[in-house]
Amino acid sequence: MKKLLIPALAAFVTAASLASCERVDTGDSSVPPSERGAIVLEEVAEIFASIPIGPEQMAEVRDAVSSSTENGYDEEYTMQSLLESPGTGVGETKAPVKEYGTPLRDLLRAAVEDRFATRSGSSATRSGAPADAAEYIEALASSDVQIYWPYSELWSGSGSPVITYDPRDNSETNVGYEMSPDGSVREIVVDERTAMERPVWVVNYNDDSAFTSLELLRRQDPDWGQGGGEIIVHSPGTKASSTPEATKTLILRSFKMGRNYDTWFAGASEFFVKCGSVSGFKATTEAEMLLYNPTVTDFMIVVKRNQKGKEIPFNAVLISEWTSQLSSCAFIITEDDGGTQEKWKCSSVVKLNSKSYGIEIDIPVNSRDDIVWRGQLTRSYVEKYSGETGHFGDVELVLELI
């Protein structure tokens with residue numbers, strides 16, 4: 001097989017309808033930007049624990065995390081939305097119509113002002129710490145801190161939350177704060193079972209709002225259906241002809257996560273599915289090969305913790321035109337953990353006049369990402385197992401050629 005690196009192919013080309021961005025950390029990649037002096041998760045949790053949270057504030061947070069979920073993200077409510085647009089979830093393009101008599105931001109501002117009025121001089125002079133309440137609120141709004149409400153769909157509609165934070169040490173338990181009827185705050189130990197049985201708000205970092213979810217991609221691009229999670233590729237009921245001349249479409253029908261990749265404090269698993277190929281390849285000479293650019297479909301799939309082991313339908317296009325000359329594509333699944341941007345050098349194989357050519361492609365990955373699976377998907381494999389469940393590391397996929 002010949003290796004062919006066409007100059008025009010050296011750059012990473014993302015399919016227009018599947019564009020997403022890569023997060024790149026700067027400085028100390030082991031410490032999130034929001035913990036570098038200005039905002040500390042434990043302190044934010046303590047502030048929220050001092051707030052008398054009632055039914056209206058519970059409903060506001062529930063509205064926001066439900067909106068985020070509907071938009072293809074985790075059960076999350078960013079500090080920016082909380083402070084600037086109460087009740088708005090991640091991915092929301094407009095502020096909600098519903099208004100709140102006493103939004104959580106009003107109580108938060110009052111609690112921050114009270115904390116700064118009584119805080120000690122040592123904490124006030126912590127390196128990089130905000131100098132006053134207004135500066136703290138501003139830093140909070142511009143940070144990547146959020147409220148994460150796991151298992152929010154199990155909420156009965158009554159009760160106040162236990163407030164905790166992500167300890168970021170791979171622990172499965174942590175201290176939680178709950179307010180007693182007399183207004184005092186007591187500490188309890190919380191674990192994932194606690195979050196299943198009663199409301200638990202976790203103060204953690206947002207990992208996915210910078211990316212466009214698969215759900216939003218469907219809404220933005222007419223070729224992906226009419227929005228709202230509508231199936232974007234309808235199976236005709238019979239598979240396409242297996243003759244060499246057949247041009248087919250490769251679909252990711254469903255996705256099943258076998259295990260959670262992070263502790264429950266960190267929230268859902270954010271998977272990135274990336275497929276590099278030369279779609280619609282029909283060159284007859286090496287000169288014509290210069291006319292083809294490889295493309296990389298690249299989209300995020302957020303799998304909530306309660307979806308572990310459940311088959312989730314996606315019906316997403318991986319390769320729009322898989323011609324008989326395309327022998328294999330490059331395929332990688334990662335679980336996002338950030339870090340500096342690197343490249344996976346891979347290839348897609350095409351045939352020309354009975355010869356095979358490896359078209360080199362660079363697919364970006366992050367240095368701390370978990371590699372769930374990577375390698376080549378051959379045409380013979382996807383044809384043989386089209387519509388059947390395949391095992392790719394700790395996930396199961398149903399791929400289909402139609």
# chains A, B, ... in the order shown; residues from 1 in each chain; ligands from 1
>>> residues_around(residues="segment 98-103 of chain A", least_positions_apart="2", cutoff="7 Å", atoms="only C-alpha atoms", output="list in words")
Gln57, Pro86, Pro96, Arg105 and Asp106 of chain A
>>> select_by_dssp(residues="segment 188-374 of chain A", states="strand (DSSP E)", output="PyMOL selection string")
chain A and resi 188-190+200-205+248-257+269-277+295-303+312-322+326-335+341-352+355-366+370-374
>>> closest_residue(among="A:Ser254, A:Asn315, A:Ser324, A:Ser50", to="Val112 of chain A", atoms="only C-alpha atoms")
A:Ser50
>>> residues_around(residues="Gly89 of chain A", least_positions_apart="5", cutoff="6 Å", atoms="only C-alpha atoms", output="count of residues only")
5
>>> closest_residue(among="A:Leu104, A:Gly91, A:Leu377, A:Glu335", to="Gln220 of chain A", atoms="only C-alpha atoms")
A:Gly91
>>> residues_around(residues="segment 303-305 of chain A", least_positions_apart="6", cutoff="8 Å", atoms="only C-alpha atoms", output="list of chain:residue names")
A:Asp74, A:Pro150, A:Met257, A:Asn260, A:Trp264, A:Gly267, A:Ala268, A:Ser269, A:Glu270, A:Phe271
>>> write_last_selection(atoms="N, CA, C and O atoms", output="mmCIF file, in the first residue's frame")
data_model
loop_
_atom_site.group_PDB
_atom_site.id
_atom_site.type_symbol
_atom_site.label_atom_id
_atom_site.label_comp_id
_atom_site.auth_asym_id
_atom_site.auth_seq_id
_atom_site.Cartn_x
_atom_site.Cartn_y
_atom_site.Cartn_z
ATOM 1 N N ASP A 74 -25.195 17.894 30.103
ATOM 2 C CA ASP A 74 -25.410 17.262 31.393
ATOM 3 C C ASP A 74 -26.408 18.078 32.221
ATOM 4 O O ASP A 74 -26.850 19.156 31.805
ATOM 5 N N PRO A 150 -27.097 15.803 39.848
ATOM 6 C CA PRO A 150 -27.268 14.438 39.332
ATOM 7 C C PRO A 150 -28.610 13.850 39.756
ATOM 8 O O PRO A 150 -29.117 14.137 40.846
ATOM 9 N N MET A 257 -22.828 3.043 26.807
ATOM 10 C CA MET A 257 -21.651 3.191 27.664
ATOM 11 C C MET A 257 -21.618 2.077 28.699
ATOM 12 O O MET A 257 -22.588 1.859 29.424
ATOM 13 N N ASN A 260 -18.835 4.404 33.740
ATOM 14 C CA ASN A 260 -18.590 5.838 33.878
ATOM 15 C C ASN A 260 -17.082 6.075 33.937
ATOM 16 O O ASN A 260 -16.353 5.321 34.598
ATOM 17 N N TRP A 264 -18.619 10.428 40.297
ATOM 18 C CA TRP A 264 -19.953 11.010 40.149
ATOM 19 C C TRP A 264 -19.950 12.508 40.418
ATOM 20 O O TRP A 264 -20.812 13.229 39.925
ATOM 21 N N GLY A 267 -19.694 14.373 37.121
ATOM 22 C CA GLY A 267 -20.849 14.374 36.226
ATOM 23 C C GLY A 267 -20.786 13.338 35.133
ATOM 24 O O GLY A 267 -20.163 12.281 35.257
ATOM 25 N N ALA A 268 -21.428 13.661 34.019
ATOM 26 C CA ALA A 268 -21.566 12.731 32.899
ATOM 27 C C ALA A 268 -20.234 12.504 32.196
ATOM 28 O O ALA A 268 -19.245 13.207 32.434
ATOM 29 N N SER A 269 -20.235 11.515 31.317
ATOM 30 C CA SER A 269 -19.080 11.277 30.455
ATOM 31 C C SER A 269 -19.331 11.969 29.121
ATOM 32 O O SER A 269 -20.406 11.836 28.538
ATOM 33 N N GLU A 270 -18.341 12.737 28.668
ATOM 34 C CA GLU A 270 -18.448 13.417 27.384
ATOM 35 C C GLU A 270 -17.573 12.685 26.370
ATOM 36 O O GLU A 270 -16.348 12.731 26.443
ATOM 37 N N PHE A 271 -18.217 11.984 25.462
ATOM 38 C CA PHE A 271 -17.494 11.223 24.444
ATOM 39 C C PHE A 271 -17.410 12.036 23.156
ATOM 40 O O PHE A 271 -18.374 12.706 22.770
#
>>> closest_residue(among="A:Gly159, A:Gly87, A:Pro130, A:Pro313", to="Ile147 of chain A", atoms="only C-alpha atoms")
A:Gly87
>>> closest_atom_pairs(of="segment 185-223 of chain A", to="segment 163-174 of chain A", cutoff="8 Å", atoms="only C-alpha atoms", output="CSV")
residue,atom,partner,partner_atom,distance
A:Val189,CA,A:Asn174,CA,5.8
A:Val190,CA,A:Thr173,CA,5.6
A:Asp191,CA,A:Thr173,CA,4.7
A:Glu192,CA,A:Glu172,CA,7.3
A:Val200,CA,A:Ile163,CA,6.0
A:Trp201,CA,A:Ile163,CA,5.0
A:Val202,CA,A:Tyr165,CA,4.8
A:Val203,CA,A:Tyr165,CA,4.4
A:Asn204,CA,A:Asp166,CA,5.3
>>> write_last_selection(atoms="N, CA, C and O atoms", output="tab-separated table (two decimals), in the first residue's frame")
chain	number	residue	atom	x	y	z
A	189	VAL	N	-21.87	13.13	55.29
A	189	VAL	CA	-21.09	12.46	54.25
A	189	VAL	C	-22.03	12.13	53.09
A	189	VAL	O	-23.11	11.57	53.31
A	190	VAL	N	-21.64	12.50	51.87
A	190	VAL	CA	-22.48	12.22	50.71
A	190	VAL	C	-21.74	11.30	49.74
A	190	VAL	O	-20.52	11.38	49.59
A	191	ASP	N	-22.50	10.42	49.10
A	191	ASP	CA	-21.98	9.59	48.03
A	191	ASP	C	-23.04	9.55	46.94
A	191	ASP	O	-24.06	10.25	47.01
A	192	GLU	N	-22.81	8.74	45.92
A	192	GLU	CA	-23.74	8.73	44.79
A	192	GLU	C	-25.12	8.21	45.21
A	192	GLU	O	-26.14	8.66	44.68
A	200	VAL	N	-29.07	16.55	45.64
A	200	VAL	CA	-27.69	16.91	45.96
A	200	VAL	C	-27.18	17.81	44.84
A	200	VAL	O	-27.23	17.43	43.67
A	201	TRP	N	-26.73	18.99	45.20
A	201	TRP	CA	-26.14	19.91	44.23
A	201	TRP	C	-24.62	19.84	44.38
A	201	TRP	O	-24.09	20.06	45.48
A	202	VAL	N	-23.95	19.54	43.31
A	202	VAL	CA	-22.49	19.45	43.31
A	202	VAL	C	-21.92	20.70	42.63
A	202	VAL	O	-22.25	21.00	41.48
A	203	VAL	N	-21.07	21.42	43.34
A	203	VAL	CA	-20.36	22.54	42.74
A	203	VAL	C	-19.13	21.96	42.04
A	203	VAL	O	-18.24	21.41	42.69
A	204	ASN	N	-19.12	22.04	40.72
A	204	ASN	CA	-17.99	21.49	39.98
A	204	ASN	C	-17.68	22.36	38.78
A	204	ASN	O	-18.16	23.49	38.67
